[in-house]
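Shown next: start15.txt, given as compact mmCIF, C-alpha atoms (C1' of nucleotides).
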```txt
# COMPACT_ATOMS: atom_id res chain seq x y z
CA MET A 4 4.63 1.02 -2.62
CA PRO A 5 2.77 -2.17 -2.72
CA GLU A 6 -0.87 -1.97 -3.61
CA LEU A 7 -3.11 -4.98 -4.13
CA PRO A 8 -1.47 -6.11 -7.40
CA GLU A 9 2.03 -6.14 -5.91
CA VAL A 10 0.79 -8.03 -2.85
CA GLU A 11 -1.09 -10.52 -5.04
CA VAL A 12 1.95 -11.04 -7.29
CA THR A 13 3.99 -11.71 -4.15
CA ARG A 14 1.41 -14.22 -2.93
CA LEU A 15 1.26 -15.98 -6.29
CA THR A 16 5.02 -16.39 -6.46
CA LEU A 17 5.31 -17.64 -2.87
CA ALA A 18 2.23 -19.66 -2.00
CA GLU A 19 3.02 -23.00 -3.68
CA ARG A 20 6.75 -22.80 -3.05
CA LEU A 21 6.34 -22.32 0.69
CA ARG A 22 3.38 -24.61 1.25
CA GLY A 23 4.44 -27.46 3.51
CA ALA A 24 7.76 -25.86 4.47
CA ARG A 25 8.96 -26.28 8.03
CA VAL A 26 10.27 -23.26 9.94
CA GLU A 27 13.82 -23.82 11.13
CA ALA A 28 14.99 -20.39 12.26
CA VAL A 29 13.66 -16.90 12.78
CA ARG A 30 15.71 -13.73 12.63
CA MET A 31 14.44 -10.28 13.51
CA GLY A 32 16.03 -7.02 12.36
CA LYS A 33 15.00 -3.54 13.41
CA PRO A 34 11.46 -3.06 14.77
CA LEU A 35 8.69 -2.85 12.21
CA ARG A 36 5.41 -1.00 12.54
CA TRP A 37 4.02 -3.36 15.17
CA PRO A 38 5.68 -5.98 17.35
CA LEU A 39 5.51 -9.61 16.29
CA GLY A 40 3.24 -10.40 19.21
CA CYS A 41 4.82 -13.71 20.15
CA ALA A 42 8.24 -15.05 20.97
CA PRO A 43 10.10 -15.72 17.69
CA GLU A 44 11.03 -19.17 19.05
CA ALA A 45 7.32 -20.07 19.15
CA LEU A 46 7.41 -20.25 15.33
CA LEU A 47 10.16 -22.87 15.25
CA GLY A 48 9.02 -26.26 13.99
CA THR A 49 5.72 -24.97 12.58
CA TRP A 50 4.54 -25.83 9.07
CA VAL A 51 3.55 -23.24 6.49
CA GLY A 52 0.05 -23.53 5.08
CA LEU A 53 -1.32 -21.97 1.89
CA MET A 54 -0.79 -18.21 1.85
CA GLY A 55 -3.84 -16.03 1.46
CA ARG A 56 -4.50 -12.34 0.99
CA ARG A 57 -7.01 -9.84 2.34
CA GLY A 58 -6.69 -6.38 0.82
CA LYS A 59 -3.00 -5.52 1.00
CA TYR A 60 -2.37 -7.96 3.84
CA LEU A 61 -0.86 -11.40 3.34
CA TRP A 62 -1.82 -14.25 5.63
CA MET A 63 0.64 -17.07 6.14
CA PRO A 64 -0.91 -19.89 8.17
CA LEU A 65 1.45 -21.73 10.51
CA GLU A 66 0.58 -24.97 12.20
CA GLY A 67 2.26 -26.43 15.20
CA PRO A 68 3.91 -29.84 15.03
CA ALA A 69 1.52 -32.70 15.73
CA PRO A 70 0.56 -34.01 18.15
CA ALA A 71 1.53 -31.19 20.50
CA CYS A 72 0.16 -28.39 18.30
CA THR A 73 1.69 -25.77 20.53
CA ALA A 74 1.39 -23.01 17.98
CA ARG A 75 -1.55 -22.60 15.67
CA GLY A 76 -2.31 -19.43 13.83
CA GLY A 77 -0.37 -17.46 11.31
CA LEU A 78 1.51 -14.35 10.37
CA LEU A 79 -0.29 -11.32 9.04
CA ILE A 80 2.18 -9.52 6.81
CA HIS A 81 1.91 -5.99 5.42
CA LEU A 82 4.48 -4.55 3.04
CA GLY A 83 3.89 -0.93 4.01
CA MET A 84 5.30 1.62 1.58
CA SER A 85 8.62 0.05 0.75
CA GLY A 86 8.46 -3.62 1.68
CA SER A 87 8.96 -6.70 -0.42
CA LEU A 88 9.20 -10.41 0.35
CA GLY A 89 11.89 -12.54 -1.21
CA LEU A 90 12.58 -16.25 -1.03
CA CYS A 91 16.19 -17.32 -1.49
CA ASP A 92 17.39 -20.91 -1.68
CA ALA A 93 20.85 -20.48 -0.21
CA PRO A 94 21.21 -18.49 2.99
CA THR A 95 22.81 -15.13 2.25
CA GLN A 96 24.01 -12.30 4.45
CA ALA A 97 21.08 -10.21 5.69
CA GLY A 98 21.13 -6.63 4.42
CA PRO A 99 20.56 -3.52 6.54
CA HIS A 100 16.88 -3.40 5.54
CA ASP A 101 16.05 -7.05 6.08
CA HIS A 102 13.91 -6.93 9.21
CA PHE A 103 12.25 -10.31 9.32
CA GLU A 104 13.53 -13.67 8.17
CA LEU A 105 12.06 -17.14 8.27
CA ALA A 106 14.51 -19.91 7.39
CA THR A 107 12.52 -22.92 6.20
CA THR A 108 13.11 -26.28 4.56
CA ARG A 109 12.05 -24.62 1.27
CA GLY A 110 14.31 -21.59 1.49
CA THR A 111 14.61 -18.39 3.44
CA LEU A 112 11.72 -15.94 3.37
CA ARG A 113 12.91 -12.39 3.89
CA LEU A 114 11.05 -9.12 4.38
CA THR A 115 13.12 -6.20 3.09
CA ASP A 116 11.62 -2.85 4.06
CA PRO A 117 13.78 0.31 4.16
CA ARG A 118 11.07 2.59 5.57
CA ARG A 119 9.79 0.05 8.08
CA PHE A 120 6.10 0.89 7.63
CA GLY A 121 5.54 -2.78 7.05
CA ALA A 122 4.55 -5.33 9.67
CA VAL A 123 4.65 -9.01 10.58
CA VAL A 124 2.14 -9.87 13.29
CA TRP A 125 1.29 -13.21 14.87
CA SER A 126 -2.40 -13.93 15.21
CA GLU A 127 -4.24 -17.10 16.20
CA ALA A 128 -6.77 -16.62 13.43
CA LEU A 129 -8.00 -13.98 11.01
CA ASP A 130 -11.18 -13.43 13.00
CA VAL A 131 -9.33 -13.01 16.28
CA ASP A 132 -7.34 -9.97 17.42
CA PRO A 133 -4.90 -8.62 16.43
CA ALA A 134 -5.71 -9.73 12.86
CA ALA A 135 -9.43 -9.08 13.24
CA ARG A 136 -8.77 -5.54 14.45
CA LEU A 137 -6.35 -4.77 11.62
CA LEU A 138 -8.72 -6.11 8.98
CA SER A 139 -11.91 -4.72 10.50
CA ASN A 140 -12.11 -1.55 8.43
CA LEU A 141 -11.41 -3.13 5.07
CA GLY A 142 -14.08 -2.88 2.40
CA PRO A 143 -14.98 -5.67 -0.04
CA GLU A 144 -12.39 -7.23 -2.32
CA PRO A 145 -12.47 -5.61 -5.77
CA PHE A 146 -13.35 -8.91 -7.47
CA ASP A 147 -16.01 -9.89 -4.95
CA PRO A 148 -19.24 -10.43 -6.96
CA ALA A 149 -21.18 -8.97 -4.04
CA LEU A 150 -19.61 -5.63 -4.90
CA THR A 151 -21.82 -4.19 -7.63
CA PRO A 152 -22.25 -0.79 -9.28
CA ARG A 153 -25.44 -0.43 -7.25
CA SER A 154 -23.80 -1.21 -3.89
CA LEU A 155 -20.93 1.14 -4.71
CA HIS A 156 -23.39 3.85 -5.70
CA GLN A 157 -25.29 3.40 -2.44
CA ALA A 158 -22.10 3.67 -0.39
CA LEU A 159 -20.90 6.74 -2.30
CA ARG A 160 -24.17 8.60 -1.81
CA ARG A 161 -23.38 8.87 1.89
CA ARG A 162 -20.03 10.57 1.31
CA ARG A 163 -19.23 14.17 0.71
CA THR A 164 -15.50 13.91 0.04
CA HIS A 165 -13.91 13.70 -3.35
CA ILE A 166 -13.80 10.32 -5.04
CA LYS A 167 -10.00 10.06 -4.91
CA ALA A 168 -9.94 10.15 -1.09
CA ALA A 169 -12.89 7.78 -0.82
CA LEU A 170 -11.27 5.12 -2.99
CA LEU A 171 -7.95 5.48 -1.22
CA ALA A 172 -9.58 5.00 2.18
CA GLY A 173 -10.16 1.35 1.32
CA ASP A 174 -13.49 0.91 3.05
CA LEU A 175 -15.54 1.07 -0.17
CA VAL A 176 -13.28 -1.35 -2.01
CA VAL A 177 -9.83 -2.53 -0.90
CA GLY A 178 -6.64 -2.72 -2.84
CA ALA A 179 -6.30 0.37 -5.00
CA GLY A 180 -3.65 2.72 -3.64
CA ASN A 181 -2.32 5.96 -4.99
CA ILE A 182 -1.17 4.66 -8.39
CA TYR A 183 -4.16 2.53 -9.27
CA VAL A 184 -6.77 5.00 -8.03
CA SER A 185 -5.32 7.63 -10.37
CA GLU A 186 -5.27 5.13 -13.23
CA ALA A 187 -8.76 3.78 -12.59
CA LEU A 188 -10.26 7.27 -12.40
CA PHE A 189 -8.61 8.10 -15.71
CA GLN A 190 -9.99 4.94 -17.29
CA ALA A 191 -13.45 5.78 -15.98
CA GLY A 192 -13.23 9.41 -17.15
CA ILE A 193 -13.94 10.72 -13.65
CA ASP A 194 -12.21 13.80 -12.24
CA PRO A 195 -10.50 12.87 -8.93
CA ARG A 196 -12.06 15.98 -7.37
CA ALA A 197 -15.59 14.82 -8.17
CA ARG A 198 -17.83 14.60 -5.11
CA CYS A 199 -18.85 11.06 -4.19
CA ASP A 200 -22.51 11.87 -3.65
CA ARG A 201 -22.85 13.38 -7.12
CA LEU A 202 -21.72 10.31 -9.08
CA SER A 203 -24.48 8.68 -11.09
CA LEU A 204 -25.10 4.95 -11.10
CA ALA A 205 -23.81 4.79 -14.66
CA ARG A 206 -20.54 6.41 -13.64
CA CYS A 207 -20.23 4.06 -10.65
CA GLU A 208 -20.55 1.21 -13.09
CA LYS A 209 -17.74 2.63 -15.22
CA LEU A 210 -15.66 3.23 -12.12
CA LEU A 211 -16.03 -0.30 -10.77
CA ARG A 212 -15.19 -1.75 -14.16
CA ALA A 213 -12.12 0.52 -14.38
CA VAL A 214 -10.91 -0.46 -10.89
CA ARG A 215 -11.25 -4.15 -11.74
CA GLU A 216 -9.59 -3.83 -15.13
CA THR A 217 -6.74 -1.70 -13.80
CA LEU A 218 -5.98 -4.08 -10.94
CA SER A 219 -6.20 -7.25 -13.01
CA ARG A 220 -4.05 -5.76 -15.77
CA ALA A 221 -1.44 -4.79 -13.15
CA ILE A 222 -1.45 -8.29 -11.66
CA ALA A 223 -0.98 -9.77 -15.14
CA LEU A 224 2.02 -7.48 -15.68
CA GLY A 225 3.62 -8.37 -12.35
CA GLY A 226 2.70 -5.12 -10.60
CA SER A 227 4.42 -1.73 -10.77
CA THR A 228 8.04 -1.08 -9.96
CA LEU A 229 8.50 2.65 -9.43
CA ARG A 230 11.57 2.39 -7.25
CA ASP A 231 12.09 -0.86 -5.52
CA PHE A 232 9.24 -3.33 -5.78
CA ARG A 233 10.37 -6.85 -6.66
CA ASP A 234 8.33 -10.02 -6.58
CA ALA A 235 9.59 -13.02 -4.64
CA HIS A 236 11.85 -13.99 -7.57
CA GLY A 237 13.38 -10.53 -7.59
CA MET A 238 11.56 -9.53 -10.78
CA SER A 239 10.34 -6.00 -11.47
CA GLY A 240 6.77 -5.29 -12.47
CA ALA A 241 5.97 -3.69 -15.81
CA PHE A 242 2.68 -1.88 -15.17
CA GLN A 243 4.27 1.54 -14.65
CA GLN A 244 5.31 1.56 -18.30
CA GLU A 245 1.71 1.64 -19.35
CA ALA A 246 0.40 3.96 -16.68
CA ALA A 247 -1.66 6.58 -18.51
CA VAL A 248 -1.39 9.39 -15.96
CA TYR A 249 0.49 8.33 -12.82
CA GLY A 250 3.87 10.04 -12.67
CA ARG A 251 3.28 11.73 -16.04
CA ALA A 252 2.67 15.35 -15.00
CA GLY A 253 3.32 17.72 -17.88
CA GLN A 254 3.21 14.99 -20.51
CA ALA A 255 0.59 14.76 -23.23
CA CYS A 256 -2.45 12.63 -22.49
CA ALA A 257 -2.36 9.65 -24.86
CA ARG A 258 -6.12 9.82 -25.34
CA CYS A 259 -6.89 13.50 -25.94
CA GLY A 260 -3.49 15.15 -26.29
CA GLY A 261 -4.15 17.47 -23.33
CA VAL A 262 -1.64 17.90 -20.54
CA VAL A 263 -1.58 15.49 -17.60
CA ARG A 264 -1.81 17.45 -14.34
CA ARG A 265 -0.52 16.77 -10.85
CA ILE A 266 -2.43 18.07 -7.85
CA VAL A 267 -2.28 17.27 -4.14
CA GLN A 268 -5.29 15.79 -2.37
CA GLY A 269 -5.08 14.82 1.28
CA GLN A 270 -1.28 15.13 1.23
CA ARG A 271 -1.03 12.66 -1.67
CA ALA A 272 -0.18 13.34 -5.29
CA THR A 273 -3.01 12.83 -7.78
CA TYR A 274 -2.49 12.66 -11.53
CA PHE A 275 -5.27 13.22 -14.04
CA CYS A 276 -6.20 14.64 -17.42
CA SER A 277 -8.69 17.50 -17.16
CA GLY A 278 -9.63 16.94 -20.80
CA CYS A 279 -10.72 13.33 -20.38
CA GLN A 280 -11.91 13.37 -16.78
CA ARG A 281 -15.12 15.14 -15.75
CA ARG A 282 -16.55 16.04 -12.38
C1' DA B 23 -20.15 9.12 11.82
C1' DT B 24 -17.24 11.61 8.81
C1' DG B 25 -13.29 13.89 7.29
C1' DG B 26 -8.87 16.05 7.77
C1' DG B 27 -4.33 16.11 9.62
C1' DT B 28 -0.34 13.73 11.76
C1' DA B 29 2.85 10.30 12.65
C1' DC B 30 5.74 6.45 11.67
C1' DC B 31 11.09 5.97 8.79
C1' DT B 32 14.63 6.13 5.28
C1' DG B 33 16.35 6.67 0.58
C1' DT B 34 16.47 9.42 -3.52
C1' DC B 35 16.03 13.32 -6.21
C1' DT B 36 16.01 18.45 -7.03
C1' DG B 37 17.55 22.94 -6.74
C1' DC B 38 20.45 26.36 -4.76
C1' DT C 1 30.39 18.95 -4.25
C1' DG C 2 27.48 19.78 -0.37
C1' DC C 3 23.37 20.55 1.79
C1' DA C 4 18.52 21.49 2.77
C1' DG C 5 14.11 20.34 1.48
C1' DA C 6 10.60 17.83 -0.98
C1' DC C 7 8.78 13.58 -2.01
C1' DA C 8 7.67 8.49 -2.09
C1' DG C 9 3.51 2.94 -3.50
C1' DG C 10 0.17 2.82 3.39
C1' DT C 11 -2.68 3.25 7.24
C1' DA C 12 -3.78 3.71 12.35
C1' DC C 13 -4.85 7.13 15.30
C1' DC C 14 -6.32 11.62 17.12
C1' DC C 15 -9.21 15.47 17.01
C1' DA C 16 -12.83 18.75 15.31
```

structure tokens encoding of this file:
Amino acid sequence: MPELPEVEVTRLTLAERLRGARVEAVRMGKPLRWPLGCAPEALLGTWVGLMGRRGKYLWMPLEGPAPACTARGGLLIHLGMSGSLGLCDAPTQAGPHDHFELATTRGTLRLTDPRRFGAVVWSEALDVDPAARLLSNLGPEPFDPALTPRSLHQALRRRRTHIKAALLAGDLVVGAGNIYVSEALFQAGIDPRARCDRLSLARCEKLLRAVRETLSRAIALGGSTLRDFRDAHGMSGAFQQEAAVYGRAGQACARCGGVVRRIVQGQRATYFCSGCQRR
DNA sequence: ATGGGTACCTGTCTGC
DNA sequence: TGCAGACAGGTACCCA
């Protein structure tokens, strides 16, 4: 589920509300993708710092109580395919898919994740394992000014796969998952089967612009809710209503009137318009 | 080094 | 109605 826009919307709705909260209780449900990596009790009494984001990972800094400072570090949180974070004021009964809960002085933070591909991992810092290892293969942030059409073009020249797989891999630019890669390629007029090393600099420029516009538009709309994504207030996103190709196989392309196609690339569905998108 | 396939897990939808 | 099978927004890991 959650791609960069959904993770960013989650961060935006949580960061200020949780900042300065004190952790009062921790509850674990079924195992997630990786173990927490510390005793849950070690989090008790810590203070929540300002939440950050790297790619699709959230970083919640936790500081130990002064002057002892027993715990210092944070939680690296990934929402996997089906995860979402909610913050509720009054404690409510945990559901069958609530697998991590942090009761704080500012409410209870709860990770709900039916498929359990998500993770909550303790790390002393972002540049120390396990966080450093998990983040080590991530490419630049999409809005990083250091990422330019030229640098993208250079990186793509060394690849022989199709552009869809390369963007999804997340080492050229992080954040665009299956939905937004399809949408960005449509916006850029590039066929998802196009070979990376054949894309001109001009098309890389269009592509980078399309990735940035697609992601920022999705953030502004509160993300996409295909099945179950909710932000921390329980609100659905609205981006999926204006998706041009994703999930629209067989429908008419709004731009050229051709038929939107669905193919499978690397075990993942890809949607595109063969009229608008060229190799 | 790169690229392709697999695994992780559960809910929902489709077609017989 | 029941059931089997396909499919779903991610990504680490293994192997060629």

Counting only C-alpha atoms (C1' of nucleotides), what are the residues of chain A within 12 Å of chain C, and for each of them which pair of atoms is the nearest and at what distance in Å, to one decimal? Sort the table by chain and rising number, as CSV.
```
residue,atom,partner,partner_atom,distance
A:Met4,CA,C:DG9,C1',2.4
A:Pro5,CA,C:DG9,C1',5.2
A:Glu6,CA,C:DG9,C1',6.6
A:Leu7,CA,C:DG9,C1',10.3
A:Pro8,CA,C:DG9,C1',11.0
A:Glu9,CA,C:DG9,C1',9.5
A:Val10,CA,C:DG9,C1',11.3
A:Arg36,CA,C:DA12,C1',10.3
A:Trp37,CA,C:DA12,C1',10.9
A:Gly58,CA,C:DG10,C1',11.8
A:Lys59,CA,C:DG10,C1',9.2
A:Tyr60,CA,C:DG10,C1',11.1
A:His81,CA,C:DG10,C1',9.2
A:Leu82,CA,C:DG10,C1',8.5
A:Gly83,CA,C:DG10,C1',5.3
A:Met84,CA,C:DG9,C1',5.5
A:Ser85,CA,C:DG9,C1',7.2
A:Gly86,CA,C:DG9,C1',9.7
A:Ser87,CA,C:DG9,C1',11.5
A:Pro117,CA,C:DA8,C1',12.0
A:Arg118,CA,C:DA8,C1',10.2
A:Arg119,CA,C:DG10,C1',11.1
A:Phe120,CA,C:DG10,C1',7.5
A:Gly121,CA,C:DG10,C1',8.6
A:Ala122,CA,C:DG10,C1',11.2
A:Arg136,CA,C:DA12,C1',10.7
A:Leu137,CA,C:DA12,C1',8.9
A:Leu138,CA,C:DT11,C1',11.3
A:Ser139,CA,C:DA12,C1',11.9
A:Asn140,CA,C:DA12,C1',10.6
A:Leu141,CA,C:DT11,C1',11.0
A:Leu171,CA,C:DG10,C1',9.7
A:Ala172,CA,C:DT11,C1',8.7
A:Gly173,CA,C:DT11,C1',9.7
A:Asp174,CA,C:DT11,C1',11.8
A:Gly178,CA,C:DG10,C1',10.8
A:Ala179,CA,C:DG9,C1',10.3
A:Gly180,CA,C:DG9,C1',7.2
A:Asn181,CA,C:DG9,C1',6.7
A:Ile182,CA,C:DG9,C1',7.0
A:Tyr183,CA,C:DG9,C1',9.6
A:Val184,CA,C:DG9,C1',11.4
A:Gly226,CA,C:DG9,C1',10.8
A:Ser227,CA,C:DG9,C1',8.7
A:Thr228,CA,C:DG9,C1',8.9
A:Leu229,CA,C:DG9,C1',7.8
A:Arg230,CA,C:DA8,C1',8.9
A:Asp231,CA,C:DG9,C1',9.6
A:Phe232,CA,C:DG9,C1',8.8
A:Gln243,CA,C:DG9,C1',11.3
A:Tyr249,CA,C:DG9,C1',11.2
A:Gly250,CA,C:DA8,C1',11.3
A:Val267,CA,C:DC7,C1',11.9
A:Gln270,CA,C:DC7,C1',10.7
A:Arg271,CA,C:DA8,C1',9.7
A:Ala272,CA,C:DC7,C1',9.5
```

**Complete:** A straight line from atom CA of A:Ala187 to atom CA of A:Arg161 spans 21.2 Å

**Message:** Rounded to one decimal, what separation in Å do you get between atom CA of A:Ile193 and atom CA of A:Ala241?
**Reply:** 24.7 Å

**Request:** Identify the residues within 9 Å of coordinate (10.7, -30.7, 0.5) (same frame as the file), considering only C-alpha atoms (C1' of nucleotides), and give the answer as a PyMOL selection string.
**Result:** chain A and resi 23-25+108-109

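We find atom CA of A:Glu27 and atom CA of A:Ala93 to be spaced 13.8 Å apart.
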
Chain B contacts to chain A at 9 Å (all atoms listed in the file) as a compact mmCIF listing (two decimals) with C-alpha atoms (C1' of nucleotides), in the coordinates of the input:
```txt
# COMPACT_ATOMS: atom_id res chain seq x y z
C1' DT B 24 -17.24 11.61 8.81
C1' DG B 25 -13.29 13.89 7.29
C1' DG B 26 -8.87 16.05 7.77
C1' DG B 27 -4.33 16.11 9.62
C1' DC B 30 5.74 6.45 11.67
C1' DC B 31 11.09 5.97 8.79
C1' DT B 32 14.63 6.13 5.28
C1' DG B 33 16.35 6.67 0.58
```

Please return the centre and edge lengths, in Å to one decimal, of a box with edges along x, y and z that contains all listed atoms of stretch 2-15 of chain C, widened by 6 Å on every side, as JSON.
```
{"center_x": 9.1, "center_y": 12.2, "center_z": 6.8, "size_x": 48.7, "size_y": 30.7, "size_z": 32.6}
```
